[in-house]
$ cat start_15.txt   # compact mmCIF, C-alpha atoms
# COMPACT_ATOMS: atom_id res chain seq x y z
CA MET A 7 -40.53 24.78 10.69
CA GLN A 8 -38.49 22.15 8.81
CA HIS A 9 -35.43 21.06 10.68
CA ILE A 10 -31.99 20.58 9.12
CA HIS A 11 -30.54 17.77 11.21
CA HIS A 12 -29.41 15.95 8.06
CA LEU A 13 -27.19 18.90 7.11
CA LEU A 14 -25.58 19.54 10.48
CA GLY A 15 -22.77 17.02 9.98
CA GLU A 16 -21.74 18.53 6.66
CA TYR A 17 -22.12 22.03 8.10
CA ARG A 18 -19.85 21.17 10.99
CA ASP A 19 -17.31 19.56 8.62
CA ASP A 20 -17.36 22.67 6.41
CA GLU A 21 -18.48 20.66 3.40
CA LEU A 22 -21.54 22.68 2.44
CA PRO A 23 -21.52 25.09 -0.49
CA ALA A 24 -21.48 28.74 0.58
CA ARG A 25 -25.13 29.36 -0.21
CA GLN A 26 -26.36 26.30 1.68
CA ARG A 27 -24.07 27.15 4.57
CA ALA A 28 -25.67 30.59 4.85
CA GLN A 29 -29.12 29.00 4.87
CA VAL A 30 -28.13 26.63 7.66
CA GLU A 31 -26.69 29.47 9.72
CA ALA A 32 -29.87 31.48 9.25
CA HIS A 33 -31.93 28.49 10.39
CA LEU A 34 -29.71 27.86 13.43
CA ARG A 35 -30.26 31.42 14.60
CA CYS A 36 -33.96 30.72 15.08
CA CYS A 37 -34.15 26.96 15.81
CA PRO A 38 -33.06 25.91 19.31
CA LEU A 39 -33.61 22.22 18.54
CA CYS A 40 -31.14 22.23 15.66
CA ARG A 41 -28.71 24.29 17.73
CA GLU A 42 -28.94 21.63 20.44
CA LYS A 43 -28.26 18.91 17.87
CA LEU A 44 -25.21 20.82 16.64
CA GLU A 45 -23.92 21.21 20.18
CA HIS A 46 -24.42 17.49 20.65
CA LEU A 47 -22.18 16.88 17.65
CA ASP A 48 -19.57 19.22 19.09
CA ARG A 49 -19.62 17.37 22.41
CA LEU A 50 -19.28 14.08 20.57
CA ALA A 51 -16.22 15.46 18.79
CA ASP A 52 -14.73 16.54 22.16
CA VAL A 53 -15.25 13.08 23.62
CA LEU A 54 -13.83 11.39 20.52
CA ALA A 55 -10.77 13.64 20.64
CA GLU A 56 -9.74 12.12 23.97
CA TYR A 57 -9.32 8.69 22.41
CA GLY A 58 -5.81 7.89 21.31
CA PRO A 59 -3.14 5.20 21.32
CA PRO A 60 -1.85 3.82 24.64
CA VAL A 61 1.29 5.23 26.26
CA GLN A 62 3.22 1.96 26.22
CA LEU A 63 4.13 2.01 22.51
CA THR A 64 7.61 1.76 21.02
CA ARG A 65 9.65 4.93 21.47
CA PRO A 66 9.76 7.06 18.31
CA ASP A 67 13.55 6.82 17.91
CA VAL A 68 13.39 3.03 18.23
CA PHE A 69 10.50 2.90 15.79
CA ARG A 70 12.47 5.03 13.33
CA SER A 71 15.46 2.67 13.61
CA GLN A 72 13.20 -0.32 12.96
CA VAL A 73 11.82 1.25 9.80
CA VAL A 74 15.27 2.22 8.51
CA LEU A 75 16.58 -1.26 9.28
CA ARG A 76 13.71 -2.84 7.35
CA LEU A 77 14.43 -0.61 4.39
CA SER A 78 18.14 -1.41 4.35
CA ARG A 79 17.52 -5.16 4.72
CA ARG A 80 15.07 -5.08 1.88
CA GLN A 81 17.57 -3.22 -0.28
CA GLN A 82 20.26 -5.77 0.58
CA ARG A 83 17.95 -8.64 -0.39
CA ARG A 84 17.19 -7.01 -3.71
CA SER A 85 20.87 -6.36 -4.33
CA GLY A 86 21.52 -10.03 -3.58
CA TYR A 87 18.94 -11.11 -6.13
CA ALA A 88 20.28 -8.61 -8.61
CA SER A 89 23.90 -9.72 -8.23
CA TRP A 90 23.33 -13.37 -9.06
CA ALA A 91 20.69 -12.53 -11.61
CA TRP A 92 23.14 -10.29 -13.45
CA HIS A 93 25.39 -13.34 -13.90
CA LEU A 94 22.65 -15.05 -15.83
CA ILE A 95 22.63 -12.37 -18.48
CA PRO A 96 25.57 -13.80 -20.45
CA LEU A 97 23.99 -17.26 -20.23
CA SER A 98 20.71 -15.88 -21.50
CA LEU A 99 22.52 -14.17 -24.37
CA ILE A 100 24.20 -17.44 -25.28
CA GLY A 101 20.83 -19.16 -25.16
CA VAL A 102 19.35 -16.58 -27.50
CA LEU A 103 22.25 -16.94 -29.93
CA LEU A 104 22.02 -20.74 -29.88
CA CYS A 105 18.30 -20.55 -30.62
CA LEU A 106 18.92 -18.19 -33.52
CA GLU A 107 21.56 -20.50 -34.86
CA ALA A 108 19.27 -23.53 -34.46
CA LEU A 109 16.55 -21.64 -36.23
CA LEU A 110 18.58 -20.40 -39.17
CA VAL A 111 21.63 -22.60 -39.64
CA LEU A 112 20.73 -26.07 -38.44
CA PRO A 113 17.92 -26.77 -40.91
CA ASP A 114 20.37 -26.16 -43.76
CA LEU A 115 22.88 -28.53 -42.15
CA LEU A 116 20.18 -31.16 -41.79
CA GLU A 117 19.19 -30.72 -45.41
CA LEU A 118 22.80 -31.21 -46.38
CA ALA A 119 22.92 -34.36 -44.27
CA ALA A 120 19.71 -35.65 -45.90
CA ASN A 121 21.24 -35.07 -49.35
CA VAL A 122 24.32 -37.02 -48.28
CA VAL A 123 22.12 -39.88 -47.12
CA ARG A 124 20.24 -39.98 -50.42
CA TRP A 125 23.42 -39.69 -52.47
CA MET A 126 25.44 -42.34 -50.65
CA GLY A 127 22.57 -44.83 -50.40
CA GLY A 128 23.46 -48.19 -48.86
CA ASP A 129 27.14 -47.25 -48.57
CA LEU A 130 26.27 -44.92 -45.71
CA GLY A 131 24.55 -47.67 -43.76
CA ALA A 132 27.60 -49.84 -44.06
CA LEU A 133 29.92 -46.95 -43.23
CA LEU A 134 28.04 -46.11 -40.01
CA ASN A 135 27.49 -49.79 -39.21
CA LEU A 136 23.74 -49.19 -38.88
CA PRO A 137 21.22 -52.02 -38.58
CA SER A 138 18.90 -52.31 -41.52
CA SER A 139 16.00 -50.81 -39.55
CA GLY A 140 18.18 -47.85 -38.55
CA TYR A 141 19.25 -47.22 -42.11
CA ALA A 142 15.64 -47.52 -43.30
CA LEU A 143 14.62 -44.87 -40.78
CA LEU A 144 17.45 -42.62 -41.92
CA ARG A 145 16.40 -43.00 -45.54
CA TYR A 146 12.80 -42.28 -44.58
CA LEU A 147 13.74 -39.06 -42.78
CA ALA A 148 15.84 -37.99 -45.76
CA GLU A 149 12.89 -38.27 -48.16
CA PRO A 150 12.51 -35.00 -50.09
CA ARG A 151 8.74 -34.79 -49.55
CA LEU A 152 9.07 -35.30 -45.79
CA TYR A 153 11.89 -32.93 -45.24
CA PRO A 154 9.94 -29.58 -45.61
CA VAL A 155 7.46 -30.72 -42.96
CA LEU A 156 10.24 -31.63 -40.56
CA ARG A 157 11.97 -28.35 -41.29
CA ALA A 158 8.83 -26.29 -40.57
CA ALA A 159 8.13 -28.20 -37.36
CA TRP A 160 11.70 -27.72 -36.23
CA GLN A 161 11.65 -23.98 -36.92
CA MET A 162 8.34 -23.61 -35.07
CA LEU A 163 9.72 -25.43 -32.07
CA VAL A 164 12.87 -23.34 -32.00
CA GLY A 165 10.80 -20.16 -32.42
CA ILE A 166 8.72 -21.04 -29.36
CA VAL A 167 11.85 -21.76 -27.32
CA LEU A 168 13.33 -18.46 -28.47
CA LEU A 169 10.24 -16.58 -27.30
CA LEU A 170 10.34 -18.33 -23.94
CA VAL A 171 13.98 -17.31 -23.50
CA PHE A 172 13.93 -13.84 -25.05
CA ILE A 173 10.84 -12.37 -23.45
CA PRO A 174 11.76 -13.35 -19.87
CA TYR A 175 15.27 -12.09 -20.56
CA VAL A 176 14.03 -8.65 -21.56
CA GLY A 177 11.64 -8.58 -18.64
CA TRP A 178 14.38 -9.59 -16.25
CA ILE A 179 16.67 -6.83 -17.42
CA SER A 180 13.89 -4.30 -16.80
CA VAL A 181 13.20 -5.64 -13.32
CA LEU A 182 16.87 -5.65 -12.42
CA GLY A 183 17.06 -2.06 -13.54
CA GLY A 184 14.28 -1.28 -11.07
CA PHE A 185 16.04 -3.12 -8.24
CA ARG A 186 19.21 -1.13 -8.67
CA LYS A 187 17.67 2.30 -8.31
CA PRO A 188 16.20 3.92 -5.17
CA PRO A 189 12.55 4.95 -5.50
CA GLY A 190 12.00 7.77 -7.97
CA TYR A 191 15.68 8.04 -8.77
CA GLY A 192 16.27 10.12 -11.84
CA LYS A 193 12.60 10.92 -12.28
CA GLU A 194 11.68 14.55 -12.70
CA ARG A 195 8.79 15.76 -10.55
CA MET B 9 -2.91 9.28 26.64
CA TYR B 10 -0.03 9.41 24.21
CA ARG B 11 3.06 11.06 25.67
CA LYS B 12 4.66 13.66 23.45
CA THR B 13 8.27 12.80 22.73
CA GLU B 14 10.80 15.30 24.02
CA GLY B 15 14.25 15.87 22.63
CA VAL B 16 13.54 14.93 19.04
CA VAL B 17 16.55 15.54 16.80
CA SER B 18 16.69 19.31 16.30
CA GLU B 19 17.38 19.05 12.59
CA SER B 20 13.95 17.47 12.14
CA THR B 21 12.29 20.88 12.58
CA ALA B 22 14.74 22.72 10.32
CA ARG B 23 13.76 21.25 6.97
CA SER B 24 10.39 21.21 5.28
CA ASP B 25 8.58 18.06 4.24
CA ASN B 26 9.25 18.76 0.58
CA GLU B 27 12.97 19.14 1.16
CA LEU B 28 13.09 15.86 3.06
CA ILE B 29 11.02 14.14 0.40
CA GLU B 30 13.34 15.39 -2.33
CA GLU B 31 16.37 14.04 -0.49
CA SER B 32 14.61 10.75 0.20
CA LEU B 33 13.87 10.38 -3.49
CA HIS B 34 17.62 10.37 -4.07
CA GLY B 35 17.99 7.45 -1.69
CA ASP B 36 18.83 9.43 1.47
CA THR B 37 17.44 7.25 4.27
CA ARG B 38 18.53 9.78 6.90
CA ALA B 39 16.17 12.35 5.44
CA PHE B 40 13.44 9.72 5.33
CA ALA B 41 14.17 8.84 8.96
CA ILE B 42 13.38 12.45 9.90
CA LEU B 43 10.04 12.12 8.13
CA VAL B 44 9.40 8.92 10.04
CA LEU B 45 10.08 10.68 13.34
CA ARG B 46 7.94 13.62 12.34
CA TYR B 47 4.88 11.56 11.38
CA HIS B 48 5.33 8.50 13.55
CA ARG B 49 2.72 9.63 16.07
CA VAL B 50 0.22 10.68 13.43
CA VAL B 51 0.39 7.35 11.62
CA ILE B 52 0.16 5.20 14.74
CA THR B 53 -2.74 7.26 16.00
CA VAL B 54 -4.70 6.85 12.79
CA ALA B 55 -4.02 3.12 12.73
CA TYR B 56 -4.88 2.72 16.40
CA ARG B 57 -8.13 4.62 16.14
CA ILE B 58 -9.23 2.36 13.33
CA CYS B 59 -8.06 -0.98 14.68
CA GLY B 60 -8.04 -0.43 18.46
CA ASP B 61 -4.94 -2.60 18.91
CA GLY B 62 -1.61 -1.00 19.84
CA ALA B 63 0.57 -3.83 18.53
CA LEU B 64 -1.28 -4.02 15.23
CA ALA B 65 -1.17 -0.24 14.94
CA GLU B 66 2.61 -0.29 15.26
CA ASP B 67 2.96 -3.03 12.65
CA VAL B 68 0.73 -1.12 10.28
CA ALA B 69 2.66 2.07 10.99
CA GLN B 70 5.90 0.37 9.94
CA ASP B 71 4.25 -0.99 6.80
CA THR B 72 2.92 2.50 6.11
CA PHE B 73 6.37 4.06 6.09
CA ILE B 74 7.72 1.27 3.91
CA ARG B 75 4.86 1.89 1.48
CA VAL B 76 5.50 5.64 1.65
CA TRP B 77 9.16 5.03 0.76
CA ASP B 78 8.12 2.92 -2.22
CA ARG B 79 5.58 5.44 -3.49
CA LEU B 80 7.31 8.68 -2.62
CA SER B 81 7.79 9.54 -6.28
CA SER B 82 4.02 9.59 -6.75
CA PHE B 83 3.51 12.31 -4.13
CA ARG B 84 2.96 15.75 -5.62
CA PRO B 85 4.90 18.58 -3.89
CA GLU B 86 1.82 20.81 -3.78
CA GLY B 87 -0.17 18.13 -1.97
CA ASN B 88 -0.73 17.61 1.76
CA PHE B 89 1.85 15.06 2.91
CA ARG B 90 0.14 14.45 6.23
CA GLY B 91 -3.17 13.71 4.52
CA TRP B 92 -1.45 11.47 2.00
CA ILE B 93 0.35 9.43 4.62
CA CYS B 94 -2.83 9.13 6.69
CA ARG B 95 -4.68 7.75 3.72
CA ILE B 96 -2.03 5.11 3.20
CA ALA B 97 -2.16 4.23 6.91
CA ALA B 98 -5.96 3.96 6.83
CA ASN B 99 -5.95 1.65 3.81
CA LEU B 100 -3.25 -0.58 5.27
CA THR B 101 -5.10 -0.75 8.57
CA VAL B 102 -8.30 -1.79 6.82
CA ASP B 103 -6.37 -4.43 4.86
CA ALA B 104 -4.74 -5.71 8.05
CA LEU B 105 -8.08 -5.96 9.81
CA ARG B 106 -9.61 -7.84 6.89
CA ARG B 107 -6.80 -10.40 7.01
CA ARG B 108 -7.21 -10.79 10.73
CA LYS B 109 -9.92 -12.77 12.50
CA PRO B 110 -12.11 -10.60 14.70
CA THR B 111 -11.50 -11.06 18.41
CA ALA B 112 -13.74 -10.02 21.25
CA GLU B 113 -11.01 -9.82 23.89
CA LEU B 114 -9.79 -6.48 22.57
CA LEU B 115 -12.90 -4.81 24.01
CA ASP B 116 -12.60 -6.64 27.31
CA THR B 117 -9.00 -5.57 27.69
CA ALA B 118 -9.97 -1.98 27.11
CA VAL B 119 -12.69 -2.08 29.76
CA GLU B 120 -10.41 -3.71 32.32
CA ALA B 121 -7.72 -1.13 31.71
CA ALA B 122 -10.16 1.62 32.60
CA VAL B 123 -10.65 0.42 36.16
CA GLU B 124 -7.54 1.79 37.88
CA GLY B 125 -5.94 5.04 39.07
CA PRO B 126 -7.31 8.09 40.86
CA GLU B 127 -10.96 8.92 40.44
CA ALA B 128 -10.57 11.62 37.77
CA THR B 129 -8.13 9.52 35.79
CA ALA B 130 -10.36 6.47 36.18
CA LEU B 131 -13.32 8.42 34.90
CA ARG B 132 -11.30 9.65 31.94
CA ASN B 133 -10.02 6.15 31.24
CA GLU B 134 -13.53 4.81 31.48
CA ARG B 135 -14.70 7.35 28.94
CA ALA B 136 -11.79 6.53 26.63
CA ALA B 137 -12.58 2.82 26.94
CA ALA B 138 -16.22 3.49 26.16
CA VAL B 139 -15.23 5.53 23.11
CA ARG B 140 -12.94 2.75 21.98
CA ALA B 141 -15.64 0.12 22.43
CA ALA B 142 -18.18 2.25 20.58
CA LEU B 143 -15.72 2.89 17.74
CA MET B 144 -14.84 -0.78 17.43
CA ARG B 145 -18.52 -1.66 17.14
CA LEU B 146 -18.87 0.57 14.09
CA PRO B 147 -18.68 -1.10 10.68
CA LEU B 148 -15.06 -0.91 9.50
CA HIS B 149 -15.64 1.49 6.64
CA SER B 150 -17.79 3.82 8.70
CA ARG B 151 -15.11 3.81 11.38
CA THR B 152 -12.36 4.50 8.85
CA ALA B 153 -14.30 7.38 7.30
CA LEU B 154 -14.97 8.84 10.72
CA VAL B 155 -11.33 8.60 11.84
CA LEU B 156 -10.10 10.25 8.65
CA GLN B 157 -12.61 13.09 8.95
CA GLU B 158 -12.88 13.62 12.68
CA TYR B 159 -9.26 13.15 13.66
CA GLU B 160 -7.30 13.99 10.54
CA GLY B 161 -9.58 16.58 9.00
CA LEU B 162 -9.63 15.05 5.54
CA SER B 163 -12.28 16.39 3.21
CA TYR B 164 -15.15 14.21 2.08
CA GLN B 165 -13.65 14.01 -1.39
CA GLU B 166 -10.29 12.91 0.00
CA ILE B 167 -12.00 10.21 2.03
CA ALA B 168 -13.95 9.10 -1.03
CA ASP B 169 -10.70 8.83 -3.01
CA THR B 170 -8.96 6.97 -0.20
CA LEU B 171 -11.68 4.39 0.29
CA ASP B 172 -12.62 4.34 -3.39
CA ILE B 173 -16.29 5.03 -2.70
CA PRO B 174 -18.72 7.69 -3.97
CA LEU B 175 -19.01 11.02 -2.18
CA GLY B 176 -22.61 10.27 -1.20
CA THR B 177 -21.50 7.06 0.49
CA VAL B 178 -18.95 9.00 2.55
CA LYS B 179 -21.68 11.33 3.76
CA SER B 180 -24.03 8.51 4.65
CA ARG B 181 -21.31 6.53 6.44
CA LEU B 182 -20.24 9.55 8.48
CA SER B 183 -23.83 10.31 9.36
CA ASP B 184 -24.42 6.69 10.35
CA ALA B 185 -21.23 6.57 12.41
CA ARG B 186 -22.09 9.71 14.33
CA ARG B 187 -25.63 8.55 14.97
CA ARG B 188 -24.40 5.24 16.39
CA LEU B 189 -21.72 6.92 18.48
CA GLN B 190 -24.17 9.41 19.90
CA ALA B 191 -26.44 6.57 20.93
CA ALA B 192 -23.58 4.55 22.45
CA LEU B 193 -21.89 7.48 24.22
CA ASN B 194 -24.99 9.40 25.29
CA PRO B 195 -24.15 9.36 29.02
CA TYR B 196 -20.81 11.04 28.30
CA LEU B 197 -22.37 13.68 26.08
CA GLU B 198 -24.70 15.14 28.68
CA ARG B 199 -23.67 18.49 30.11
$ encode --input "start_15.txt" --output "structure tokens"
Amino acid sequence: MQHIHHLLGEYRDDELPARQRAQVEAHLRCCPLCREKLEHLDRLADVLAEYGPPVQLTRPDVFRSQVVLRLSRRQQRRSGYASWAWHLIPLSLIGVLLCLEALLVLPDLLELAANVVRWMGGDLGALLNLPSSGYALLRYLAEPRLYPVLRAAWQMLVGIVLLLVFIPYVGWISVLGGFRKPPGYGKER
Amino acid sequence: MYRKTEGVVSESTARSDNELIEESLHGDTRAFAILVLRYHRVVITVAYRICGDGALAEDVAQDTFIRVWDRLSSFRPEGNFRGWICRIAANLTVDALRRRKPTAELLDTAVEAAVEGPEATALRNERAAAVRAALMRLPLHSRTALVLQEYEGLSYQEIADTLDIPLGTVKSRLSDARRRLQAALNPYLER
């Protein structure tokens, strides 16, 4: 007779399919060894059931208060972060606007300034009281062929700064929105 | 063993878990506090049976309820709340044990605690200490699977989902755990 010790655990845990369960029960009716094994498992379960936590744990009402206190402290901390973080929103908006302005308006202003430098020539150096090396540098930067390169580099730099400001700003707004609401608030279940 | 708490707030028995969960989802910490009271013992017991340390079990139990609060919106009303909270407790206990260095004195403390009291109580305490020692000698995942099945009645599939292991691995770990426990606790299993 083939024994079914390997199935006794699943049988006892009610995890066998109905057909297999019926086969096990039929076998148990005529196999004392397997019945003994099953009883051994039952006795093991009885012994295990006696094992539990010690008596000297925190009282349930005190434990409950500790949990609620932790939750309220955590909510206060988040509200604290949220309150000062909200104040940064106008600053972030200003930063975004300044970047947009630098990106779109400033290059045109610089081009205008370069045209003025080329048009006024040496008179500008005298007007600004620049040393000859300073005026030479100014004339060099105002060169028409150099100016598109400088413009492109400037716009790329401003674009990168804008991304570094804008993306964290949007992310921050989303996170702050999460801080403000209790878990699952407004969600339909 | 664990003393059942008398005089729990009467309103805790009036409302169902789903009602309390719904109120908690709207930020009502009083409703959540009732859930904490209701499942405090269950959670600590699961944690204790896995880690064998009362202080650690209490810390994990607190963390469990904080995690439950955070993830309450993910609990489905038709599900088993007790099973769900036990799974969270088991995972947090396993994580806590992994972060912690293993110490041998836990077993020694348990054995010493057994040697006191009247004869019947001493015998019972000795058996409990032996069970604890045998459980703590099990590999952590086998012990966790056993606690979830034997004490909390979770199905094999639920255990597999909790521990993120295949169903076959759950079966083999349970079988291995029971075999080891039978060998270690054989004197207490004789009729």
$ residues_around --input "start_15.txt" --residues "Cys94 in chain B" --least-positions-apart "6" --cutoff "9 Å" --atoms "all atoms listed in the file" --output "list in words"
Val50, Val51, Val54, Ala55, Thr72, Leu156 and Glu160 of chain B
$ atom_distance --input "start_15.txt" --atom1 "CA of Val53 in chain A" --atom2 "CA of Leu193 in chain B"
8.7 Å
$ atom_distance --input "start_15.txt" --atom1 "CA of Pro174 in chain A" --atom2 "CA of Ser81 in chain B"
26.9 Å
$ atom_distance --input "start_15.txt" --atom1 "CA of Ala191 in chain B" --atom2 "CA of Tyr159 in chain B"
19.8 Å
$ residues_near_point --input "start_15.txt" --point "(-21.3, 2.2, 13.4)" --cutoff "9 Å" --atoms "only C-alpha atoms" --output "PyMOL selection string"
chain B and resi 142-151+181-182+184-189
$ residues_around --input "start_15.txt" --residues "Arg70 in chain A" --least-positions-apart "3" --cutoff "9 Å" --atoms "only C-alpha atoms" --output "count of residues only"
12
$ closest_residue --input "start_15.txt" --among "B:Thr101, B:Asn88, B:Thr177, B:Gln165" --to "chain A" --atoms "only C-alpha atoms"
B:Gln165
$ residues_around --input "start_15.txt" --residues "Gly15 in chain A" --least-positions-apart "2" --cutoff "9 Å" --atoms "only C-alpha atoms" --output "ChimeraX atom specification"
/A:11-13,17-21,44,47 /B:179,182-183,186
$ closest_residue --input "start_15.txt" --among "A:Ala32, A:Arg124, A:Gln26, A:Pro59" --to "Ile58 in chain B" --atoms "all atoms listed in the file"
A:Pro59
